[in-house]
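Engineer: My structure is stored as input35.tsv, with TSV, C-alpha atoms.
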```tsv
chain	number	residue	atom	x	y	z
A	1	MET	CA	17.65	-20.02	-57.66
A	2	LYS	CA	19.40	-21.65	-54.75
A	3	ARG	CA	22.47	-19.48	-55.22
A	4	LYS	CA	20.45	-16.32	-54.60
A	5	TRP	CA	20.11	-17.37	-50.96
A	6	ILE	CA	23.86	-17.77	-50.42
A	7	PRO	CA	24.65	-14.04	-49.69
A	8	SER	CA	21.80	-13.84	-47.20
A	9	LEU	CA	22.90	-17.02	-45.50
A	10	LEU	CA	26.46	-15.71	-45.26
A	11	VAL	CA	25.27	-12.45	-43.68
A	12	LEU	CA	23.09	-14.35	-41.21
A	13	LEU	CA	25.99	-16.63	-40.32
A	14	ALA	CA	28.27	-13.63	-39.78
A	15	LEU	CA	25.73	-12.00	-37.47
A	16	CYS	CA	25.34	-15.19	-35.47
A	17	ILE	CA	29.10	-15.51	-35.08
A	18	GLN	CA	29.39	-11.85	-34.04
A	19	GLY	CA	26.59	-12.20	-31.49
A	20	THR	CA	28.18	-15.32	-30.01
A	21	ALA	CA	31.50	-13.51	-29.73
A	22	LEU	CA	29.91	-10.54	-27.96
A	23	CYS	CA	28.22	-12.82	-25.45
A	24	ALA	CA	31.46	-14.72	-24.92
A	25	GLU	CA	33.23	-11.44	-24.09
A	26	ASN	CA	31.03	-10.84	-21.06
A	27	PRO	CA	29.34	-14.11	-20.10
A	28	ASN	CA	29.12	-13.20	-16.41
A	29	HIS	CA	27.15	-9.99	-16.88
A	30	ARG	CA	23.64	-9.05	-17.93
A	31	THR	CA	21.76	-5.87	-18.78
A	32	ILE	CA	18.91	-4.32	-16.80
A	33	VAL	CA	16.96	-1.11	-17.43
A	34	ASN	CA	16.83	1.68	-14.84
A	35	VAL	CA	13.67	3.64	-14.03
A	36	ASP	CA	14.67	6.40	-16.44
A	37	GLY	CA	15.18	3.94	-19.30
A	38	THR	CA	18.98	3.81	-19.23
A	39	GLU	CA	20.62	0.40	-19.58
A	40	ILE	CA	22.97	-0.85	-16.86
A	41	THR	CA	25.35	-3.80	-16.92
A	42	VAL	CA	25.35	-5.88	-13.73
A	43	PRO	CA	26.88	-9.23	-12.73
A	44	VAL	CA	24.93	-12.44	-13.21
A	45	GLU	CA	25.75	-13.36	-9.61
A	46	VAL	CA	25.87	-10.68	-6.91
A	47	ARG	CA	27.64	-11.61	-3.68
A	48	LYS	CA	28.81	-8.23	-2.37
A	49	ILE	CA	26.75	-5.02	-2.38
A	50	GLY	CA	27.68	-1.43	-1.61
A	51	CYS	CA	24.87	0.88	-0.41
A	52	LEU	CA	26.03	4.47	-0.86
A	53	PHE	CA	22.66	5.98	-1.79
A	54	GLY	CA	20.57	7.12	1.16
A	55	PRO	CA	17.48	4.89	0.85
A	56	SER	CA	19.39	1.96	-0.65
A	57	TYR	CA	20.12	0.09	2.59
A	58	GLU	CA	16.48	-0.51	3.46
A	59	LYS	CA	15.70	-1.63	-0.09
A	60	VAL	CA	18.41	-4.26	0.09
A	61	VAL	CA	17.07	-5.36	3.48
A	62	LEU	CA	13.56	-5.62	2.05
A	63	LEU	CA	14.97	-7.80	-0.74
A	64	ASP	CA	16.49	-10.14	1.88
A	65	ALA	CA	20.08	-9.31	0.92
A	66	GLU	CA	21.38	-7.43	3.99
A	67	ASP	CA	24.01	-10.12	4.54
A	68	LYS	CA	25.55	-9.14	1.18
A	69	ILE	CA	26.17	-5.49	2.13
A	70	VAL	CA	29.90	-4.82	2.48
A	71	PHE	CA	29.75	-1.03	2.93
A	72	ASP	CA	27.29	1.84	3.14
A	73	GLY	CA	27.34	5.60	3.53
A	74	ASP	CA	28.50	6.46	7.05
A	75	PHE	CA	25.30	8.46	7.59
A	76	HIS	CA	23.40	5.17	7.66
A	77	ILE	CA	25.06	4.37	10.98
A	78	TYR	CA	24.28	7.50	13.00
A	79	SER	CA	21.51	9.47	11.30
A	80	TRP	CA	18.37	7.51	12.18
A	81	PRO	CA	18.34	5.73	15.58
A	82	TRP	CA	15.38	3.56	14.56
A	83	SER	CA	17.48	2.00	11.79
A	84	ASN	CA	20.04	0.80	14.33
A	85	VAL	CA	17.26	-1.24	15.88
A	86	VAL	CA	15.58	-2.48	12.70
A	87	TYR	CA	18.66	-3.40	10.64
A	88	ARG	CA	20.79	-6.24	12.00
A	89	ARG	CA	24.14	-5.19	10.53
A	90	VAL	CA	23.99	-1.43	10.11
A	91	ASP	CA	26.16	-0.89	13.22
A	92	THR	CA	28.92	-3.16	11.95
A	93	VAL	CA	28.95	-2.55	8.18
A	94	PRO	CA	31.80	-0.14	7.29
A	95	GLY	CA	30.54	3.38	6.63
A	96	ILE	CA	32.03	5.38	3.75
A	97	PRO	CA	32.57	9.13	4.41
A	98	ASN	CA	31.43	11.67	1.82
A	99	ALA	CA	29.22	9.07	0.15
A	100	HIS	CA	27.06	11.78	-1.38
A	101	SER	CA	29.76	13.47	-3.41
A	102	GLU	CA	33.33	12.25	-2.96
A	103	PRO	CA	33.66	8.64	-1.77
A	104	ASN	CA	37.21	7.35	-1.78
A	105	ILE	CA	37.23	5.05	-4.81
A	106	GLU	CA	40.26	3.08	-3.60
A	107	ASP	CA	38.47	2.36	-0.33
A	108	LEU	CA	35.45	1.09	-2.24
A	109	MET	CA	37.61	-1.15	-4.43
A	110	ASN	CA	39.14	-2.75	-1.33
A	111	TYR	CA	35.71	-4.21	-0.50
A	112	GLU	CA	35.45	-5.75	-3.99
A	113	PRO	CA	31.73	-4.99	-4.45
A	114	ASP	CA	29.88	-6.77	-7.23
A	115	LEU	CA	27.25	-4.04	-7.23
A	116	VAL	CA	27.01	-0.47	-5.90
A	117	PHE	CA	23.80	1.47	-5.42
A	118	ASN	CA	24.81	5.10	-5.86
A	119	PHE	CA	23.37	8.60	-5.62
A	120	PRO	CA	22.23	10.23	-8.89
A	121	ASN	CA	25.76	11.58	-9.28
A	122	PRO	CA	27.12	11.06	-12.82
A	123	ILE	CA	30.69	11.93	-11.82
A	124	THR	CA	31.05	9.38	-9.03
A	125	THR	CA	29.05	6.83	-11.02
A	126	GLU	CA	31.39	7.03	-14.02
A	127	THR	CA	34.47	7.07	-11.77
A	128	MET	CA	33.36	3.87	-10.08
A	129	ARG	CA	32.54	2.26	-13.41
A	130	ALA	CA	35.96	3.23	-14.73
A	131	ALA	CA	37.40	1.41	-11.71
A	132	GLY	CA	35.53	-1.74	-12.76
A	133	MET	CA	32.48	-1.56	-10.52
A	134	SER	CA	28.90	-2.22	-11.59
A	135	VAL	CA	26.91	0.80	-10.46
A	136	VAL	CA	23.17	1.44	-10.27
A	137	PRO	CA	22.62	5.20	-9.83
A	138	HIS	CA	19.35	6.40	-8.39
A	139	ALA	CA	16.86	7.46	-11.05
A	140	SER	CA	13.30	8.72	-10.87
A	141	THR	CA	10.49	9.84	-13.15
A	142	GLY	CA	8.97	12.02	-10.44
A	143	SER	CA	5.95	9.78	-9.94
A	144	TYR	CA	4.82	8.23	-6.67
A	145	ASP	CA	4.76	4.90	-8.50
A	146	ASP	CA	8.56	5.06	-8.54
A	147	VAL	CA	8.48	3.67	-5.00
A	148	ALA	CA	7.68	0.25	-6.46
A	149	ARG	CA	9.54	0.75	-9.73
A	150	ILE	CA	12.87	1.59	-8.08
A	151	LEU	CA	12.63	-1.44	-5.80
A	152	THR	CA	12.05	-3.58	-8.90
A	153	VAL	CA	15.25	-2.21	-10.47
A	154	TYR	CA	17.18	-3.04	-7.29
A	155	ALA	CA	15.73	-6.54	-7.34
A	156	GLU	CA	16.65	-7.11	-10.97
A	157	ALA	CA	20.17	-5.91	-10.24
A	158	ILE	CA	20.57	-8.24	-7.24
A	159	GLY	CA	18.95	-11.21	-8.94
A	160	GLY	CA	18.20	-14.55	-7.30
A	161	GLY	CA	14.95	-14.46	-5.35
A	162	ALA	CA	14.90	-10.66	-5.12
A	163	PRO	CA	12.58	-10.07	-8.13
A	164	ASP	CA	9.91	-12.29	-6.57
A	165	LEU	CA	10.07	-10.26	-3.34
A	166	ALA	CA	9.87	-7.02	-5.31
A	167	LYS	CA	6.81	-8.33	-7.14
A	168	LYS	CA	5.10	-9.12	-3.83
A	169	TYR	CA	5.90	-5.64	-2.55
A	170	ALA	CA	4.62	-4.01	-5.76
A	171	ASP	CA	1.37	-5.95	-5.53
A	172	TYR	CA	0.97	-4.81	-1.90
A	173	PHE	CA	1.94	-1.21	-2.77
A	174	TYR	CA	-0.55	-0.90	-5.62
A	175	SER	CA	-3.29	-2.61	-3.62
A	176	LEU	CA	-2.98	0.16	-1.03
A	177	THR	CA	-2.73	3.06	-3.48
A	178	ASP	CA	-5.71	1.73	-5.44
A	179	LEU	CA	-7.69	1.30	-2.22
A	180	ILE	CA	-6.95	4.86	-1.11
A	181	ALA	CA	-7.75	6.32	-4.52
A	182	LYS	CA	-11.06	4.46	-4.61
A	183	ARG	CA	-12.00	5.56	-1.09
A	184	VAL	CA	-11.39	9.26	-1.76
A	185	GLU	CA	-12.50	9.61	-5.38
A	186	SER	CA	-15.95	10.79	-4.32
A	187	VAL	CA	-14.70	13.34	-1.76
A	188	PRO	CA	-15.68	16.88	-2.91
A	189	GLU	CA	-12.84	19.27	-3.71
A	190	ALA	CA	-13.89	21.60	-0.90
A	191	ASP	CA	-13.54	18.82	1.67
A	192	ARG	CA	-10.06	17.70	0.62
A	193	PRO	CA	-7.25	18.61	3.07
A	194	THR	CA	-4.18	20.58	2.04
A	195	VAL	CA	-0.88	18.74	2.38
A	196	TYR	CA	2.57	20.22	2.90
A	197	PHE	CA	5.44	17.84	2.14
A	198	ALA	CA	8.79	18.97	3.57
A	199	ASN	CA	12.38	17.82	3.53
A	200	GLN	CA	14.79	17.92	6.47
A	201	LYS	CA	14.84	21.71	6.06
A	202	ILE	CA	11.33	22.45	7.22
A	203	LEU	CA	10.69	25.40	4.87
A	204	THR	CA	11.82	23.53	1.77
A	205	CYS	CA	9.75	21.11	-0.26
A	206	SER	CA	10.43	18.49	-2.88
A	207	ASN	CA	8.66	16.72	-5.73
A	208	THR	CA	6.77	19.61	-7.35
A	209	THR	CA	6.40	17.88	-10.71
A	210	ASP	CA	3.01	17.60	-12.36
A	211	MET	CA	3.05	13.86	-11.75
A	212	ILE	CA	3.46	14.30	-8.01
A	213	ARG	CA	0.71	16.92	-7.93
A	214	ARG	CA	-1.50	14.47	-9.83
A	215	ASP	CA	-0.69	11.68	-7.36
A	216	TYR	CA	-1.57	13.85	-4.37
A	217	ARG	CA	-4.88	14.81	-5.95
A	218	ARG	CA	-5.50	11.14	-6.71
A	219	PHE	CA	-5.15	10.38	-3.00
A	220	GLY	CA	-7.56	13.11	-1.99
A	221	HIS	CA	-5.29	16.05	-1.12
A	222	HIS	CA	-4.51	19.53	-2.35
A	223	TRP	CA	-0.81	20.21	-2.82
A	224	LYS	CA	1.56	22.86	-1.49
A	225	GLY	CA	5.10	22.55	-2.79
A	226	ALA	CA	8.34	24.41	-3.42
A	227	ALA	CA	6.87	26.20	-6.44
A	228	ASP	CA	4.34	27.93	-4.20
A	229	PRO	CA	5.28	31.26	-2.58
A	230	LEU	CA	6.74	30.93	0.91
A	231	GLU	CA	4.02	33.17	2.33
A	232	SER	CA	1.28	30.85	1.07
A	233	ARG	CA	3.11	27.87	2.50
A	234	LEU	CA	3.14	29.49	5.91
A	235	HIS	CA	-0.46	30.73	5.95
A	236	PHE	CA	-2.60	28.11	4.24
A	237	ARG	CA	-4.99	26.00	6.30
A	238	ARG	CA	-2.86	23.00	7.24
A	239	SER	CA	-4.75	19.76	7.74
A	240	CYS	CA	-1.61	17.68	7.89
A	241	ARG	CA	2.13	18.07	7.44
A	242	LEU	CA	4.05	15.24	5.89
A	243	LEU	CA	7.71	15.52	6.85
A	244	GLY	CA	9.45	13.72	4.06
A	245	LYS	CA	12.45	11.45	3.69
A	246	ARG	CA	13.96	10.09	6.88
A	247	HIS	CA	14.41	12.44	9.80
A	248	ARG	CA	16.63	11.57	12.73
A	249	ARG	CA	13.50	10.67	14.65
A	250	GLY	CA	11.59	9.26	11.70
A	251	SER	CA	9.04	10.70	9.32
A	252	HIS	CA	5.63	11.49	10.71
A	253	CYS	CA	2.33	13.18	10.11
A	254	ARG	CA	0.79	15.36	12.78
A	255	ASN	CA	-2.22	17.62	13.12
A	256	ALA	CA	-1.48	21.29	12.71
```
Once you've parsed the file, please lay out its structure as structure tokens.

Structural biologist:
Amino acid sequence: MKRKWIPSLLVLLALCIQGTALCAENPNHRTIVNVDGTEITVPVEVRKIGCLFGPSYEKVVLLDAEDKIVFDGDFHIYSWPWSNVVYRRVDTVPGIPNAHSEPNIEDLMNYEPDLVFNFPNPITTETMRAAGMSVVPHASTGSYDDVARILTVYAEAIGGGAPDLAKKYADYFYSLTDLIAKRVESVPEADRPTVYFANQKILTCSNTTDMIRRDYRRFGHHWKGAADPLESRLHFRRSCRLLGKRHRRGSHCRNA
């Protein structure tokens, strides 16, 4: 009877040995999961960070890791004057040209980044990874909740005390969204304002997914987006215009 267990024990032993060997191959790295469910390998200890993606710099600042930034996209330096006041090092951190599409990989390697936050560009992401960099490309599900989810991914990638800060932000974020949703849930449909959310190009919109439409309705607004005819976007009764992303003079909402 005892001998029947021997093959199973040998298989279990082999698996244990294999698992130990795999861990030993990469003991200084760990795996995190991006917002879209893809797995990413990042260093256990992150000392140097590259912020190529547009909204990555402020996320790293929020996670108390600005001192670790070794380069960013050059647009971070000159595009938004308010950021030159808010961020301590944005004027002195080297800016990488063509960060959106064609960053010079050799230049990036010279800074020896442990971690790079990149645009959702599979070509540059794979090129950087092939050069030995750990890269976190931007990912999104199209939901407003991604604001907190993406910050959590950044925090998990950076490690240290960053996840605790991300948790505090998420708690604050959801406390506000829940408060707003509760305040407006009883507002009749006829009394809800219509919202127009624009990018830098004023007559273009973003985030027309069903989830975003649902989120806007949750917060008491009707939605006008890129899927709507241009004529309707120009002639509907505008209660408020939300100019999205980060304009040179900051995003704002004004009466129309």

Engineer: Which is closer to Phe173 (chain A) than all the others in A:Glu39, A:Glu156, A:Asp146, A:Asp74, using only C-alpha atoms?

Structural biologist: A:Asp146

Engineer: Grab the CA of Pro120 (chain A) to CA of Lys168 (chain A) distance for me, in Å with one decimal place.

Structural biologist: 26.3 Å

Engineer: Met109 (chain A): which residues within 9 Å, counting all atoms listed in the file, same-chain residues fewer than 5 positions away excluded, as a count of residues only?

Structural biologist: 5

Engineer: Extract, using only C-alpha atoms, all DNA, RNA and protein residues at most 9 Å from His76 (chain A), discarding same-chain residues fewer than 3 positions from it, and format them as a ChimeraX atom specification.

Structural biologist: /A:52,54,57,72-73,79-80,83-84,90-91,95

Engineer: Kindly indicate which residue among A:Asn28, A:Ser140, A:Ala65, A:Cys51 lies nearest to Gly160 (chain A), using only C-alpha atoms for the distances.

Structural biologist: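 Looking at the shortest contact to Gly160 (chain A), the residue is A:Ala65.
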
Engineer: Please measure the separation of CA of Glu126 (chain A) and CA of Ile77 (chain A), giving the value in Å to one decimal.

Structural biologist: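 These atoms are spaced 25.9 Å apart.
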
Engineer: Using only C-alpha atoms for the distances, tell me which of A:Asp107, A:Asp164, A:Asp114, A:Glu66 is nearest to Arg47 (chain A).

Structural biologist: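 Of A:Asp107, A:Asp164, A:Asp114, A:Glu66, the one nearest Arg47 (chain A) is A:Asp114, counting only C-alpha atoms.
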